[in-house]
Structures are given as C-alpha cells and as structure tokens.
Amino acid sequence: MKKPSKILALALALMLVVAMVAACAEEPAPVVDDPVVEETPEPTPEPTPEPVEPEEPVEEYEPTEEEATDVDIRIALVAHGPESIQFDGSFNEGAWNGILQFLGAHNLSDDHAFFFQAHAAEDAARIDVMADAIEEWGADILILPGFDFAASVYEAQSLWPDTMFVILDAQPNFGDNETANTISALYAEEQSGFLAGYAAVMEGYRQLGFMGGRAVPAVVRFGHGFIQGAEYAAASLGLDAGDVTMNFNYLDTFGPGPDVVVTASAWFAGGTEVIFAAAGGAGFSVIEAAEGADAWMIGVDVDQAAHSDRVLTSAMKSLAISVNDILNDFVAGQFRGGGMMLFDAALNGVGLPMQTSRFTNFTQAQYDAILAQLANGSIVVSTALVDNGFDPADNIEFELVDLTFIP
C-alpha cells in the first residue's frame with residue numbers, strides 16, 4: 001500500500017486542529033469546585049415604613065453645676081448606740097431610705113453614704129463616732145435620727161462648723177439652739193397618732209393599747225394623738241363613755257426583747273384587740289405577740305406591713321421624704337440651717353399607708369376626708385401634754401375613752 005503523501009498528511013492535521021477548536025468553542029471550560037447555587041425565592045415585600053423624623057444628634061452629657069456638686073458629697077447616717085441598728089424597720093431605716101432616694105436621683109453610687117454606730121449609748125460615744133465620720137471618712141453632712149442626739153449635736157455643731165448636721169425628731173439641747181450648720185426636722189406625730197386611733201375605732205375595734213418606747217416628746221405626741229383620734233371617732237360614731245378602752249404604758253426601751261413579748265401577750269390575753277407600738281425596734285416584739293394571739297398591732301414611723309400579716313396599719317412620718325428634701329437643699333446651696341422644719345399633714349409629713357393597710361371597714365374616702373381636715377386645720381390635735389411637760393399619766397380626762405395608764 002502506498003503511504004500518504006506529505007501534503008495529504010498536512011491537510012489531515014489541519015482538519016484535526018479545526019475540529020478541536022470547534023469543540024472547545026461549543027463546551028464551556030470546566031470550573032473547579034463550582035458551588036451549587038440554589039434558586040432564592042422572591043422576598044415578600046415589606047410594608048413601606050412611615051416617614052420618621054430625623055433624630056436630634058445625641059449631645060455628650062455634661063452635669064449641671066448642682067449635679068457636679070453631688071459627686072463629692074458624703075452622707076453619714078449615725079445611730080445613737082449599739083442597739084440602734086441600720087435596718088430597724090423603723091426610724092433609722094426610714095432615714096436611710098431617704099438617703100438612697102437622693103443617691104438614686106443624682107446617679108450616685110452607694111459608697112457616697114455610710115452607716116455609723118456609736119459603741120455606747122452615751123453622748124461621749126456619739127461625739128466619738130461623729131468624729132470618725134467627719135475626720136476619718138470625710139462626711140459633709142450627718143443625719144442624726146432621734147432625740148438621743150439632742151445634747152451631742154449641740155456640742156458637735158460648734159466643734160465642726162464646716163460640717164452640716166440634720167437632727168431628726170429633736171432640737172439641740174431640746175431647744176431652739178441650732179447654729180447655721182444645723183437643721184432640726186420635726187414631725188407632727190400627734191397627727192399621725194390621731195389618724196391611727198381614729199382608723200382603729202372606725203374599723204370597729206374598741207379595746208386598744210398604746211406602748212411607747214420612752215416618754216420622750218415624739219413618743220408622747222404619738223400616744224396623746226392616738227387617744228384623741230380614738231376619742232374623735234367614738235364621738236363621730238355616737239358611742240357611749242367607756243365603750244372604747246385603752247391601756248397605755250412606756251416600755252423603757254426601743255429594742256426588742258422577751259419582756260416586751262410577755263407584756264404585749266398579757267394585754268392581748270386580757271382582751272386588747274390592737275396595740276399601737278411607738279417603740280422603734282421593740283415593735284417587732286409586739287408583732288411577735290400579735291402573731292401568737294392572732295391579734296393586731298399598729299406600726300410606727302414607716303410602713304411595717306411587710307413584716308407581718310398582723311400589722312393593721314402604720315402611723316407614718318415622712319422620714320424618707322424629709323431627708324431627701326433636706327439633702328437636695330444642701331447640694332443646691334439652700335441648706336436651711338439655724339432653725340427647724342415641721343413636717344405635718346399639710347406637707348405630706350404624716351399619714352397612714354392605705355394601700356397596704358388591712359382595713360375591711362375603714363375606707364379610703366373616710367381617710368382622705370379626715371386627713372384633709374388635719375391638713376387644712378379644721379381638726380387641731382392638742383400637744384399640750386408635751387408643751388407643758390406633763391406626763392401622759394397626769395391630768396388626762398377624756399369623755400369617751402376609758403384610759404388606764406400602766407406604769
């Protein structure tokens with residue numbers, strides 16, 4: 001066989017190249033690791049949003065001059081003795097709550113306030129603890145709850161003239177002896193006690209009791225007001241003389257103890273239906289007795305309903321409100337030193353916590369009406385026993401309430 005000529009071979013090679021080029025043009029070049037692409041469903045169109053006003057640019061916060069003053073404030077709450085604890089459910093706790101309200105309103109941390117406790121229940125120890133608060137801790141203002149500070153603050157206000165002092169429930173040396181760096185916050189306890197006595201009788205109770213810590217002015221006002229409120233309610237209801245009875249005594253302590261439980265339990269066993277305890281921490285012992293007897297007690301100073309379901313109501317003072325107000329005045333440069341402030345019904349300084357009270361007969365409308373009469377002066381609660389220095393056991397004559405003073 002004849003071999004193909006060179007021209008024929010060349011033509012065949014050329015045809016082969018053309019065929020390969022055509023094949024490459026028909027098939028796309030392979031892609032290595034080409035991902036599988038799934039079809040994406042058409043998205044559901046969202047409703048067109050309403051046009052929005054452009055936001056104001058956020059400016060960097062700059063504290064006011066008043067707020068800048070707050071940053072450096074140091075507040076000391078000082079207890080008068082070792083038995084006077086911070087969270088006593090009463091006077092100290094109410095004052096501390098006012099401090100916390102102030103700190104929260106001014107965006108200040110809790111380390112701007114501190115609780116100090118005198119190591120002994122005597123004036124020298126109170127001066128010592130005030131020195132610690134001022135000279136060691138750097139307190140700018142001291143809150144002093146209670147009449148026990150009357151003598152020590154009288155001395156302290158002169159020892160530390162650049163420090164501010166707030167004494168609650170008393171005045172320096174029990175008189176108008178405030179210097180420019182001291183203010184006395186007083187409360188119309190007689191009005192608060194009046195509301196408690198009035199509510200108890202209107203609720204339907206006829207055998208009442210009053211236990212005070214000691215016969216100091218604030219406690220005397222509570223007790224005297226409690227009697228007057230019961231008397232006023234008895235007259236309003238048309239009760240006869242002696243229909244309402246009341247045991248009345250002083251415990252000689254503001255601390256809880258078994259003796260208080262025994263005394264209160266004996267009263268309950270003898271028929272007393274509700275005891276108003278104006279006795280600080282000793283009120284917890286009255287609560288214990290009320291729980292054991294399935295009877296009632298009335299708390300004092302702050303709302304004590306959360307401590308027991310046997311707390312009927314509480315004769316409150318606006319401790320938190322007053323402390324908060326005075327602290328705000330201080331940082332605003334308006335500290336009203338050199339005198340006293342009286343927080344009464346007209347200034348929301350006293351009242352009953354109706355939302356947490358356990359009344360079934362005494363209504364909100366009745367409470368609002370009697371409170372308004374106290375606030376506008378239609379009802380004036382006497383403070384003669386305090387003003388004239390009488391002991392509540394002396395010279396008390398009531399037309400309707402049969403009072404028994406128990407030494």
# chains A, B, ... in the order shown; residues from 1 in each chain; ligands from 1
call {"tool": "closest_atom_pairs", "arguments": {"of": "stretch 301-321 of chain A", "to": "stretch 125-147 of chain A", "cutoff": "12 Å", "atoms": "only C-alpha atoms", "output": "CSV"}}
result
residue,atom,partner,partner_atom,distance
A:Asp301,CA,A:Pro145,CA,11.6
A:Leu319,CA,A:Pro145,CA,9.5
A:Ala320,CA,A:Ile143,CA,11.6
call {"tool": "residues_around", "arguments": {"residues": "stretch 340-355 of chain A", "least_positions_apart": "2", "cutoff": "9 Å", "atoms": "only C-alpha atoms", "output": "ChimeraX atom specification"}}
result
/A:171,176,178,182-189,191-193,195-196,301-303,305,313-319,321-322,336-338,357-359,363-364,367,371-372,374-377
call {"tool": "closest_residue", "arguments": {"among": "A:Leu208, A:Ala156, A:Leu237, A:Leu168", "to": "A:Ile298", "atoms": "only C-alpha atoms"}}
result
A:Leu208
call {"tool": "atom_distance", "arguments": {"atom1": "atom CA of A:Ile406", "atom2": "atom CA of A:Ala277"}}
result
14.5 Å
call {"tool": "atom_distance", "arguments": {"atom1": "atom CA of A:Ala293", "atom2": "atom CA of A:Ala269"}}
result
7.4 Å
call {"tool": "closest_residue", "arguments": {"among": "A:Met211, A:Ile85, A:Ala235, A:Leu312", "to": "A:Phe362", "atoms": "only C-alpha atoms"}}
result
A:Leu312
call {"tool": "atom_distance", "arguments": {"atom1": "atom CA of A:Arg221", "atom2": "atom CA of A:Val380"}}
result
13.0 Å
call {"tool": "decode", "arguments": {"residues": "stretch 303-333 of chain A", "atoms": "N, CA, C and O atoms", "output": "compact mmCIF listing (two decimals), in the first residue's frame"}}
result
# COMPACT_ATOMS: atom_id res chain seq x y z
N ASP A 303 -43.93 52.29 106.95
CA ASP A 303 -44.90 51.24 106.67
C ASP A 303 -44.30 49.89 107.06
O ASP A 303 -43.33 49.43 106.45
N GLN A 304 -44.88 49.24 108.06
CA GLN A 304 -44.36 47.98 108.56
C GLN A 304 -45.20 46.78 108.14
O GLN A 304 -45.03 45.68 108.66
N ALA A 305 -46.08 46.97 107.16
CA ALA A 305 -46.98 45.90 106.74
C ALA A 305 -46.24 44.67 106.26
O ALA A 305 -46.71 43.54 106.45
N ALA A 306 -45.09 44.85 105.63
CA ALA A 306 -44.35 43.71 105.06
C ALA A 306 -43.76 42.81 106.13
O ALA A 306 -43.40 41.66 105.83
N HIS A 307 -43.69 43.27 107.35
CA HIS A 307 -43.06 42.48 108.41
C HIS A 307 -43.99 41.41 108.97
O HIS A 307 -43.52 40.43 109.56
N SER A 308 -45.29 41.59 108.82
CA SER A 308 -46.23 40.60 109.36
C SER A 308 -47.63 40.88 108.83
O SER A 308 -47.99 42.04 108.58
N ASP A 309 -48.41 39.80 108.69
CA ASP A 309 -49.80 39.99 108.29
C ASP A 309 -50.69 40.38 109.47
O ASP A 309 -51.90 40.48 109.33
N ARG A 310 -50.07 40.61 110.62
CA ARG A 310 -50.81 41.08 111.80
C ARG A 310 -50.60 42.58 112.03
O ARG A 310 -51.02 43.12 113.06
N VAL A 311 -49.98 43.26 111.08
CA VAL A 311 -49.85 44.72 111.15
C VAL A 311 -51.09 45.33 110.48
O VAL A 311 -51.29 45.17 109.27
N LEU A 312 -51.91 45.97 111.28
CA LEU A 312 -53.15 46.54 110.76
C LEU A 312 -52.87 47.74 109.86
O LEU A 312 -53.41 47.85 108.76
N THR A 313 -52.04 48.65 110.35
CA THR A 313 -51.63 49.83 109.60
C THR A 313 -50.38 50.37 110.28
O THR A 313 -49.86 49.76 111.23
N SER A 314 -49.89 51.52 109.84
CA SER A 314 -48.70 52.14 110.45
C SER A 314 -48.90 53.64 110.52
O SER A 314 -49.35 54.26 109.56
N ALA A 315 -48.55 54.21 111.68
CA ALA A 315 -48.60 55.66 111.85
C ALA A 315 -47.26 56.21 111.37
O ALA A 315 -46.27 56.20 112.09
N MET A 316 -47.27 56.71 110.14
CA MET A 316 -46.00 57.03 109.49
C MET A 316 -45.61 58.49 109.64
O MET A 316 -46.44 59.38 109.78
N LYS A 317 -44.29 58.69 109.57
CA LYS A 317 -43.70 60.01 109.42
C LYS A 317 -42.91 59.98 108.12
O LYS A 317 -42.34 58.96 107.75
N SER A 318 -42.85 61.11 107.44
CA SER A 318 -42.20 61.14 106.13
C SER A 318 -40.68 61.25 106.29
O SER A 318 -40.06 62.21 105.84
N LEU A 319 -40.10 60.26 106.92
CA LEU A 319 -38.66 60.29 107.16
C LEU A 319 -37.89 60.35 105.84
O LEU A 319 -36.98 61.17 105.66
N ALA A 320 -38.24 59.46 104.91
CA ALA A 320 -37.53 59.43 103.64
C ALA A 320 -37.71 60.74 102.87
O ALA A 320 -36.76 61.29 102.31
N ILE A 321 -38.95 61.24 102.85
CA ILE A 321 -39.23 62.48 102.12
C ILE A 321 -38.44 63.65 102.71
O ILE A 321 -37.81 64.43 101.98
N SER A 322 -38.46 63.77 104.03
CA SER A 322 -37.80 64.91 104.66
C SER A 322 -36.28 64.85 104.48
O SER A 322 -35.64 65.86 104.19
N VAL A 323 -35.69 63.66 104.65
CA VAL A 323 -34.24 63.53 104.48
C VAL A 323 -33.84 63.83 103.04
O VAL A 323 -32.87 64.56 102.77
N ASN A 324 -34.60 63.30 102.10
CA ASN A 324 -34.33 63.55 100.69
C ASN A 324 -34.43 65.04 100.37
O ASN A 324 -33.58 65.61 99.67
N ASP A 325 -35.47 65.70 100.88
CA ASP A 325 -35.66 67.13 100.62
C ASP A 325 -34.49 67.95 101.18
O ASP A 325 -33.98 68.87 100.51
N ILE A 326 -34.08 67.63 102.39
CA ILE A 326 -33.01 68.41 103.02
C ILE A 326 -31.67 68.19 102.29
O ILE A 326 -30.90 69.14 102.10
N LEU A 327 -31.42 66.97 101.84
CA LEU A 327 -30.19 66.71 101.08
C LEU A 327 -30.20 67.46 99.76
O LEU A 327 -29.16 67.99 99.32
N ASN A 328 -31.35 67.51 99.10
CA ASN A 328 -31.44 68.26 97.85
C ASN A 328 -31.21 69.75 98.08
O ASN A 328 -30.55 70.42 97.27
N ASP A 329 -31.74 70.27 99.18
CA ASP A 329 -31.48 71.67 99.52
C ASP A 329 -29.98 71.90 99.72
O ASP A 329 -29.43 72.92 99.28
N PHE A 330 -29.35 70.94 100.38
CA PHE A 330 -27.92 71.09 100.69
C PHE A 330 -27.08 71.18 99.41
O PHE A 330 -26.26 72.10 99.26
N VAL A 331 -27.29 70.27 98.46
CA VAL A 331 -26.47 70.29 97.25
C VAL A 331 -26.83 71.47 96.35
O VAL A 331 -26.03 71.87 95.50
N ALA A 332 -28.03 72.03 96.54
CA ALA A 332 -28.41 73.21 95.77
C ALA A 332 -27.96 74.50 96.43
O ALA A 332 -28.27 75.60 95.94
N GLY A 333 -27.25 74.39 97.56
CA GLY A 333 -26.79 75.57 98.26
C GLY A 333 -27.88 76.28 99.03
O GLY A 333 -27.78 77.48 99.30
